[in-house]
>>> print(open('entry.cif').read())   # mmCIF, C-alpha atoms
data_start
loop_
_atom_site.label_atom_id
_atom_site.label_comp_id
_atom_site.auth_asym_id
_atom_site.auth_seq_id
_atom_site.Cartn_x
_atom_site.Cartn_y
_atom_site.Cartn_z
CA MET Q 888 -31.08 -15.93 -7.20
CA LYS Q 889 -31.68 -15.01 -3.56
CA GLN Q 890 -30.36 -11.60 -2.54
CA TYR Q 891 -28.64 -11.88 0.83
CA THR Q 892 -28.21 -8.93 3.18
CA PHE Q 893 -25.07 -7.83 4.98
CA ASP Q 894 -26.51 -9.01 8.28
CA GLU Q 895 -27.14 -12.44 6.78
CA LEU Q 896 -23.53 -12.60 5.64
CA VAL Q 897 -22.38 -11.89 9.19
CA GLU Q 898 -24.70 -14.63 10.47
CA ILE Q 899 -23.28 -17.09 7.92
CA ILE Q 900 -19.72 -16.40 9.11
CA GLU Q 901 -20.77 -16.69 12.76
CA THR Q 902 -22.38 -20.05 11.95
CA LEU Q 903 -19.21 -21.25 10.24
CA ARG Q 904 -17.27 -20.26 13.36
CA SER Q 905 -19.75 -21.88 15.76
CA GLU Q 906 -19.33 -25.19 17.60
CA ASN Q 907 -21.08 -27.12 14.84
CA GLY Q 908 -19.60 -25.06 12.04
CA CYS Q 909 -16.81 -25.70 9.55
CA PRO Q 910 -13.63 -27.30 11.00
CA TRP Q 911 -11.42 -24.99 8.90
CA ASP Q 912 -13.25 -21.75 9.65
CA LYS Q 913 -13.46 -22.48 13.37
CA VAL Q 914 -9.71 -22.58 13.90
CA GLN Q 915 -8.76 -19.49 11.88
CA THR Q 916 -7.10 -16.52 13.61
CA HIS Q 917 -6.10 -13.02 12.57
CA GLU Q 918 -2.57 -14.33 12.01
CA SER Q 919 -3.55 -17.42 10.04
CA LEU Q 920 -5.74 -15.34 7.70
CA ARG Q 921 -2.95 -12.94 6.71
CA PRO Q 922 -1.94 -14.93 3.58
CA CYS Q 923 -5.60 -15.14 2.57
CA MET Q 924 -6.01 -11.36 2.64
CA MET Q 925 -2.83 -10.89 0.61
CA GLU Q 926 -4.01 -13.38 -2.00
CA GLU Q 927 -7.52 -11.93 -2.17
CA ALA Q 928 -6.17 -8.38 -2.57
CA ALA Q 929 -3.96 -9.54 -5.45
CA GLU Q 930 -6.87 -11.39 -7.06
CA LEU Q 931 -9.02 -8.25 -6.83
CA LEU Q 932 -6.30 -6.29 -8.62
CA GLY Q 933 -6.29 -8.98 -11.27
CA ALA Q 934 -10.07 -8.73 -11.57
CA ILE Q 935 -9.84 -4.97 -12.08
CA ARG Q 936 -7.31 -5.58 -14.84
CA ILE Q 937 -9.62 -8.15 -16.45
CA TYR Q 938 -12.49 -5.66 -16.30
CA LYS Q 939 -10.33 -3.00 -17.98
CA GLU Q 940 -9.29 -5.41 -20.71
CA THR Q 941 -12.63 -7.13 -21.34
CA GLY Q 942 -15.37 -4.95 -19.86
CA ASN Q 943 -16.58 -8.01 -17.92
CA ALA Q 944 -17.13 -7.13 -14.24
CA GLU Q 945 -18.22 -10.60 -13.05
CA ASN Q 946 -14.82 -11.54 -11.67
CA MET Q 947 -14.44 -8.16 -9.95
CA GLN Q 948 -17.78 -8.66 -8.19
CA GLU Q 949 -16.67 -12.09 -7.00
CA GLU Q 950 -13.29 -10.87 -5.74
CA LEU Q 951 -14.84 -7.91 -3.92
CA GLY Q 952 -17.02 -10.48 -2.17
CA ASP Q 953 -13.90 -12.37 -1.09
CA ILE Q 954 -12.39 -9.15 0.31
CA LEU Q 955 -15.65 -8.46 2.16
CA LEU Q 956 -15.57 -12.02 3.50
CA GLN Q 957 -12.12 -11.41 4.94
CA ALA Q 958 -13.25 -8.17 6.61
CA VAL Q 959 -16.27 -9.86 8.16
CA MET Q 960 -14.26 -12.91 9.24
CA HIS Q 961 -11.70 -10.77 11.06
CA SER Q 962 -14.50 -8.75 12.68
CA VAL Q 963 -16.31 -11.90 13.86
CA ILE Q 964 -13.07 -13.24 15.35
CA ALA Q 965 -12.47 -9.87 17.02
CA LYS Q 966 -15.96 -9.97 18.50
CA GLU Q 967 -15.25 -13.44 19.92
CA GLU Q 968 -12.09 -12.01 21.49
CA GLY Q 969 -13.97 -9.06 22.98
CA LEU Q 970 -12.03 -6.55 20.86
CA PHE Q 971 -14.59 -4.95 18.55
CA THR Q 972 -17.55 -5.77 16.30
CA ILE Q 973 -18.32 -5.29 12.62
CA GLU Q 974 -20.58 -2.43 13.70
CA ASP Q 975 -17.57 -0.77 15.32
CA VAL Q 976 -15.63 -1.19 12.08
CA ILE Q 977 -18.42 0.41 10.04
CA SER Q 978 -18.82 3.27 12.51
CA GLY Q 979 -15.08 3.84 12.62
CA ILE Q 980 -14.62 4.14 8.87
CA SER Q 981 -17.75 6.29 8.56
CA GLU Q 982 -16.48 8.70 11.22
CA LYS Q 983 -13.05 8.80 9.54
CA MET Q 984 -14.50 9.69 6.14
CA ILE Q 985 -16.61 12.48 7.64
CA ARG Q 986 -13.69 13.77 9.72
CA ARG Q 987 -11.29 13.78 6.76
CA HIS Q 988 -13.75 15.58 4.46
CA PRO Q 989 -14.71 18.73 6.38
CA HIS Q 990 -15.14 20.50 3.03
CA VAL Q 991 -18.00 18.08 2.28
CA PHE Q 992 -19.54 17.26 5.65
CA GLY Q 993 -18.48 20.33 7.66
CA ASN Q 994 -18.16 24.07 7.36
CA SER Q 995 -14.65 24.14 5.89
CA ASP Q 996 -14.15 26.51 2.97
CA ILE Q 997 -10.98 24.80 1.74
CA HIS Q 998 -10.78 24.63 -2.04
CA GLY Q 999 -8.28 23.33 -4.56
CA ASN Q 1000 -6.68 19.89 -4.73
CA GLU Q 1001 -3.38 20.99 -3.14
CA ALA Q 1002 -5.10 22.63 -0.16
CA LEU Q 1003 -7.41 19.65 0.26
CA LEU Q 1004 -4.46 17.23 0.25
CA GLN Q 1005 -2.58 19.32 2.80
CA ASN Q 1006 -5.61 19.41 5.07
CA TRP Q 1007 -6.07 15.62 4.64
CA GLU Q 1008 -2.45 15.05 5.69
CA GLU Q 1009 -2.83 17.33 8.70
CA ILE Q 1010 -5.95 15.50 9.87
CA LYS Q 1011 -4.15 12.15 9.42
CA LYS Q 1012 -1.20 13.48 11.41
CA GLN Q 1013 -3.49 14.47 14.29
CA GLU Q 1014 -5.13 11.06 14.20
CA LYS Q 1015 -1.82 9.19 14.26
CA ALA Q 1016 -0.50 11.33 17.14
CA GLU Q 1017 -3.11 9.66 19.34
CA LYS Q 1018 -2.09 6.11 18.38
CA SER Q 1019 0.34 4.58 20.84
CA TRP Q 1020 1.50 1.90 18.39
CA VAL Q 1021 2.76 4.38 15.78
CA ASP Q 1022 6.44 5.05 16.48
CA SER Q 1023 6.78 7.62 13.71
CA PRO Q 1024 4.98 8.75 10.53
CA LEU Q 1025 7.38 6.61 8.49
CA ARG Q 1026 6.70 3.51 10.60
CA GLU Q 1027 2.98 3.79 9.91
CA ILE Q 1028 3.70 2.76 6.32
CA PRO Q 1029 3.39 -1.04 6.59
CA PRO Q 1030 6.45 -3.11 5.67
CA GLU Q 1031 4.09 -5.65 4.11
CA LEU Q 1032 3.70 -3.32 1.11
CA PRO Q 1033 5.74 -4.13 -2.00
CA SER Q 1034 9.08 -2.34 -1.61
CA LEU Q 1035 8.71 -0.10 -4.68
CA THR Q 1036 5.30 1.09 -3.45
CA ARG Q 1037 6.61 1.56 0.07
CA ALA Q 1038 9.60 3.58 -1.19
CA VAL Q 1039 7.29 6.02 -2.99
CA LYS Q 1040 5.17 6.42 0.14
CA ILE Q 1041 8.30 7.04 2.22
CA ALA Q 1042 9.39 9.69 -0.30
CA LYS Q 1043 6.00 11.37 0.00
CA LYS Q 1044 6.25 11.48 3.80
CA LEU Q 1045 9.78 12.85 3.70
CA ASP Q 1046 8.70 15.50 1.22
CA LYS Q 1047 5.42 16.58 2.82
CA LEU Q 1048 6.02 16.52 6.58
CA PRO Q 1049 7.93 19.52 8.03
CA GLU Q 1050 9.72 17.39 10.63
CA TYR Q 1051 11.54 15.57 7.82
CA HIS Q 1052 12.86 18.75 6.22
CA ASP Q 1053 16.28 20.28 6.85
CA ALA Q 1054 16.13 22.15 10.16
CA GLN Q 1055 18.10 25.14 8.82
CA THR Q 1056 16.98 25.51 5.23
CA GLY Q 1057 13.55 23.91 5.45
CA GLU Q 1058 14.28 22.00 2.27
CA SER Q 1059 12.84 18.55 1.62
CA ARG Q 1060 15.02 15.48 2.07
CA ILE Q 1061 13.82 14.26 -1.30
CA PRO Q 1062 16.16 15.68 -3.97
CA ASP Q 1063 14.86 17.87 -6.77
CA TYR Q 1064 15.01 16.73 -10.41
CA GLU Q 1065 18.53 18.08 -10.96
CA ALA Q 1066 19.94 16.33 -7.90
CA LEU Q 1067 18.08 13.13 -8.81
CA SER Q 1068 19.58 13.29 -12.28
CA ASP Q 1069 23.08 13.62 -10.80
CA GLU Q 1070 22.48 10.71 -8.43
CA LEU Q 1071 21.13 8.55 -11.26
CA THR Q 1072 24.14 9.38 -13.44
CA GLU Q 1073 26.65 8.55 -10.70
CA ALA Q 1074 24.96 5.30 -9.62
CA THR Q 1075 24.53 4.23 -13.24
CA GLY Q 1076 28.20 4.93 -14.00
CA GLU Q 1077 29.42 2.87 -11.07
CA THR Q 1078 27.04 0.05 -11.93
CA LYS Q 1079 28.25 0.10 -15.54
CA ARG Q 1080 31.87 -0.06 -14.35
CA LEU Q 1081 31.18 -3.15 -12.26
CA LEU Q 1082 29.22 -4.80 -15.06
CA GLN Q 1083 32.14 -4.26 -17.42
CA LEU Q 1084 34.40 -6.04 -14.95
CA LEU Q 1085 31.93 -8.91 -14.77
CA HIS Q 1086 31.83 -9.03 -18.56
CA ALA Q 1087 35.62 -9.29 -18.57
CA ARG Q 1088 35.28 -12.18 -16.12
CA GLU Q 1089 37.11 -10.25 -13.44
CA GLU Q 1090 36.25 -10.63 -9.77
CA VAL Q 1091 33.72 -8.13 -8.49
CA ASP Q 1092 32.54 -7.41 -4.96
CA LYS Q 1093 28.86 -8.36 -5.23
CA GLN Q 1094 28.10 -6.32 -2.13
CA GLU Q 1095 29.42 -3.20 -3.86
CA LEU Q 1096 27.26 -3.98 -6.88
CA ALA Q 1097 24.27 -4.42 -4.57
CA VAL Q 1098 24.92 -0.98 -3.05
CA TYR Q 1099 24.72 0.73 -6.45
CA ILE Q 1100 21.70 -1.25 -7.58
CA THR Q 1101 19.98 -0.20 -4.35
CA ARG Q 1102 20.88 3.44 -5.04
CA LEU Q 1103 19.43 3.10 -8.53
CA LEU Q 1104 16.19 1.59 -7.21
CA ARG Q 1105 15.83 4.27 -4.53
CA THR Q 1106 16.51 7.07 -7.00
CA ILE Q 1107 14.07 5.65 -9.52
CA CYS Q 1108 11.39 5.51 -6.82
CA GLN Q 1109 12.09 9.13 -5.85
CA ILE Q 1110 11.93 10.20 -9.49
CA SER Q 1111 8.64 8.32 -9.84
CA TYR Q 1112 7.26 10.13 -6.79
CA ARG Q 1113 8.32 13.52 -8.14
CA ALA Q 1114 6.72 12.70 -11.51
CA GLY Q 1115 3.52 11.26 -10.02
CA LEU Q 1116 4.20 7.77 -11.33
CA GLN Q 1117 3.90 4.36 -9.66
CA PRO Q 1118 7.04 2.23 -10.26
CA GLU Q 1119 5.27 -0.91 -9.04
CA GLN Q 1120 2.63 -0.50 -11.75
CA LEU Q 1121 5.22 0.45 -14.36
CA LEU Q 1122 7.22 -2.71 -13.70
CA PHE Q 1123 4.07 -4.81 -13.58
CA ASP Q 1124 2.95 -3.53 -16.98
CA ASP Q 1125 6.42 -4.12 -18.46
CA ILE Q 1126 6.53 -7.70 -17.16
CA GLU Q 1127 3.10 -8.35 -18.67
CA ALA Q 1128 4.29 -6.93 -21.99
CA ILE Q 1129 7.34 -9.22 -21.95
CA ILE Q 1130 5.17 -12.26 -21.24
CA SER Q 1131 2.74 -11.31 -24.00
CA GLN Q 1132 5.58 -11.01 -26.52
CA THR Q 1133 6.71 -14.58 -25.78
CA GLU Q 1134 3.28 -16.17 -26.07
#
>>> encode(input="entry.cif", output="structure tokens")
Amino acid sequence: MKQYTFDELVEIIETLRSENGCPWDKVQTHESLRPCMMEEAAELLGAIRIYKETGNAENMQEELGDILLQAVMHSVIAKEEGLFTIEDVISGISEKMIRRHPHVFGNSDIHGNEALLQNWEEIKKQEKAEKSWVDSPLREIPPELPSLTRAVKIAKKLDKLPEYHDAQTGESRIPDYEALSDELTEATGETKRLLQLLHAREEVDKQELAVYITRLLRTICQISYRAGLQPEQLLFDDIEAIISQTE
């Protein structure tokens, strides 16, 4: 099988986008390709799962190729629009990795995971301060993320960044385990009360029920953050287990 180079891949995409290229590829835009990237990212996650379960990496290789295709396609379109090139993309990510790892590529003597993470966050904060499209550190977390994942990232921002701590006490806005336990108990109790009314076929304000379910979801996400867990993955695994039990 012929081994193609990265430059040849770029040329293939440019040919597909050319006047005599593929009718579908020629008309694609950044906006029209958004669903494709979402689907390819999900398929790559599936391929990683398949590799974990079977040890077969063939599907993962294929899906990584599809992700790379999307990156090159967007870069080729951007070049046509006079925005940037694939070379700019490669240079940008290379510079970012060097900049964010001064303990590897620079003279920094920072050691320890906690110190390294704090320095990483500080470098990111400096980078974002120069971006005119970032309204706030919380707004830089894309709404396109699954909500459970986004909630954990929001909790991390609120916990780590000084500007989101109480101005007088300096305490984080994310409750500690004791406060989270109290919140979980209260929200669970109110939810149970409303469910009992539903069970008795009494009328219940669905909006009130929604409020408590939301509180439960938010609290669970904050607990997951505190415990270093990923609720999105936990729920995914549980759904898969349920499906497997019914097959």
>>> atom_distance(input="entry.cif", atom1="atom CA of Q:Gly933", atom2="atom CA of Q:Asn946")
8.9 Å
>>> atom_distance(input="entry.cif", atom1="atom CA of Q:Tyr1064", atom2="atom CA of Q:Arg1113")
7.8 Å
>>> closest_atom_pairs(input="entry.cif", of="stretch 973-1059 of chain Q", to="stretch 1121-1129 of chain Q", cutoff="12 Å", atoms="all atoms listed in the file", output="CSV")
residue,atom,partner,partner_atom,distance
Q:Pro1033,CA,Q:Phe1123,CA,11.7
Q:Leu1035,CA,Q:Leu1122,CA,9.5
Q:Thr1036,CA,Q:Leu1121,CA,10.9
>>> write_last_selection(input="entry.cif", atoms="C-alpha atoms", output="PDB file, in the coordinates of the input")
ATOM      1  CA  PRO Q1033       5.740  -4.130  -2.000  1.00  0.00           C
ATOM      2  CA  LEU Q1035       8.710  -0.100  -4.680  1.00  0.00           C
ATOM      3  CA  THR Q1036       5.300   1.090  -3.450  1.00  0.00           C
TER       4      THR Q1036
END
>>> closest_atom_pairs(input="entry.cif", of="stretch 1036-1069 of chain Q", to="stretch 1096-1111 of chain Q", cutoff="8 Å", atoms="all atoms listed in the file", output="tab-separated table")
residue	atom	partner	partner_atom	distance
Q:Ala1038	CA	Q:Cys1108	CA	6.2
Q:Val1039	CA	Q:Cys1108	CA	5.6
Q:Ala1042	CA	Q:Gln1109	CA	6.2
Q:Ile1061	CA	Q:Gln1109	CA	7.1
Q:Pro1062	CA	Q:Gln1109	CA	7.9
Q:Tyr1064	CA	Q:Ile1110	CA	7.3
Q:Leu1067	CA	Q:Thr1106	CA	6.5
>>> closest_residue(input="entry.cif", among="Q:Ile1028, Q:Val914, Q:Lys1047, Q:Glu926", to="Q:Glu1009", atoms="all atoms listed in the file")
Q:Lys1047
>>> residues_around(input="entry.cif", residues="Q:Glu918", least_positions_apart="5", cutoff="12 Å", atoms="only C-alpha atoms", output="ChimeraX atom specification")
/Q:923-925,961,964-965
>>> resolve_selection(input="entry.cif", expression="the PyMOL selection byres ((chain Q and resi 915) around 12)", output="list in words")
Ile900, Leu903, Arg904, Ser905, Cys909, Pro910, Trp911, Asp912, Lys913, Val914, Thr916, His917, Glu918, Ser919, Leu920, Arg921, Pro922, Cys923, Gln957, Met960, His961, Val963, Ile964, Ala965 and Glu967 of chain Q
>>> write_last_selection(input="entry.cif", atoms="C-alpha atoms", output="PDB file, in the frame of the given file")
ATOM      1  CA  ILE Q 900     -19.720 -16.400   9.110  1.00  0.00           C
ATOM      2  CA  LEU Q 903     -19.210 -21.250  10.240  1.00  0.00           C
ATOM      3  CA  ARG Q 904     -17.270 -20.260  13.360  1.00  0.00           C
ATOM      4  CA  SER Q 905     -19.750 -21.880  15.760  1.00  0.00           C
ATOM      5  CA  CYS Q 909     -16.810 -25.700   9.550  1.00  0.00           C
ATOM      6  CA  PRO Q 910     -13.630 -27.300  11.000  1.00  0.00           C
ATOM      7  CA  TRP Q 911     -11.420 -24.990   8.900  1.00  0.00           C
ATOM      8  CA  ASP Q 912     -13.250 -21.750   9.650  1.00  0.00           C
ATOM      9  CA  LYS Q 913     -13.460 -22.480  13.370  1.00  0.00           C
ATOM     10  CA  VAL Q 914      -9.710 -22.580  13.900  1.00  0.00           C
ATOM     11  CA  THR Q 916      -7.100 -16.520  13.610  1.00  0.00           C
ATOM     12  CA  HIS Q 917      -6.100 -13.020  12.570  1.00  0.00           C
ATOM     13  CA  GLU Q 918      -2.570 -14.330  12.010  1.00  0.00           C
ATOM     14  CA  SER Q 919      -3.550 -17.420  10.040  1.00  0.00           C
ATOM     15  CA  LEU Q 920      -5.740 -15.340   7.700  1.00  0.00           C
ATOM     16  CA  ARG Q 921      -2.950 -12.940   6.710  1.00  0.00           C
ATOM     17  CA  PRO Q 922      -1.940 -14.930   3.580  1.00  0.00           C
ATOM     18  CA  CYS Q 923      -5.600 -15.140   2.570  1.00  0.00           C
ATOM     19  CA  GLN Q 957     -12.120 -11.410   4.940  1.00  0.00           C
ATOM     20  CA  MET Q 960     -14.260 -12.910   9.240  1.00  0.00           C
ATOM     21  CA  HIS Q 961     -11.700 -10.770  11.060  1.00  0.00           C
ATOM     22  CA  VAL Q 963     -16.310 -11.900  13.860  1.00  0.00           C
ATOM     23  CA  ILE Q 964     -13.070 -13.240  15.350  1.00  0.00           C
ATOM     24  CA  ALA Q 965     -12.470  -9.870  17.020  1.00  0.00           C
ATOM     25  CA  GLU Q 967     -15.250 -13.440  19.920  1.00  0.00           C
TER      26      GLU Q 967
END
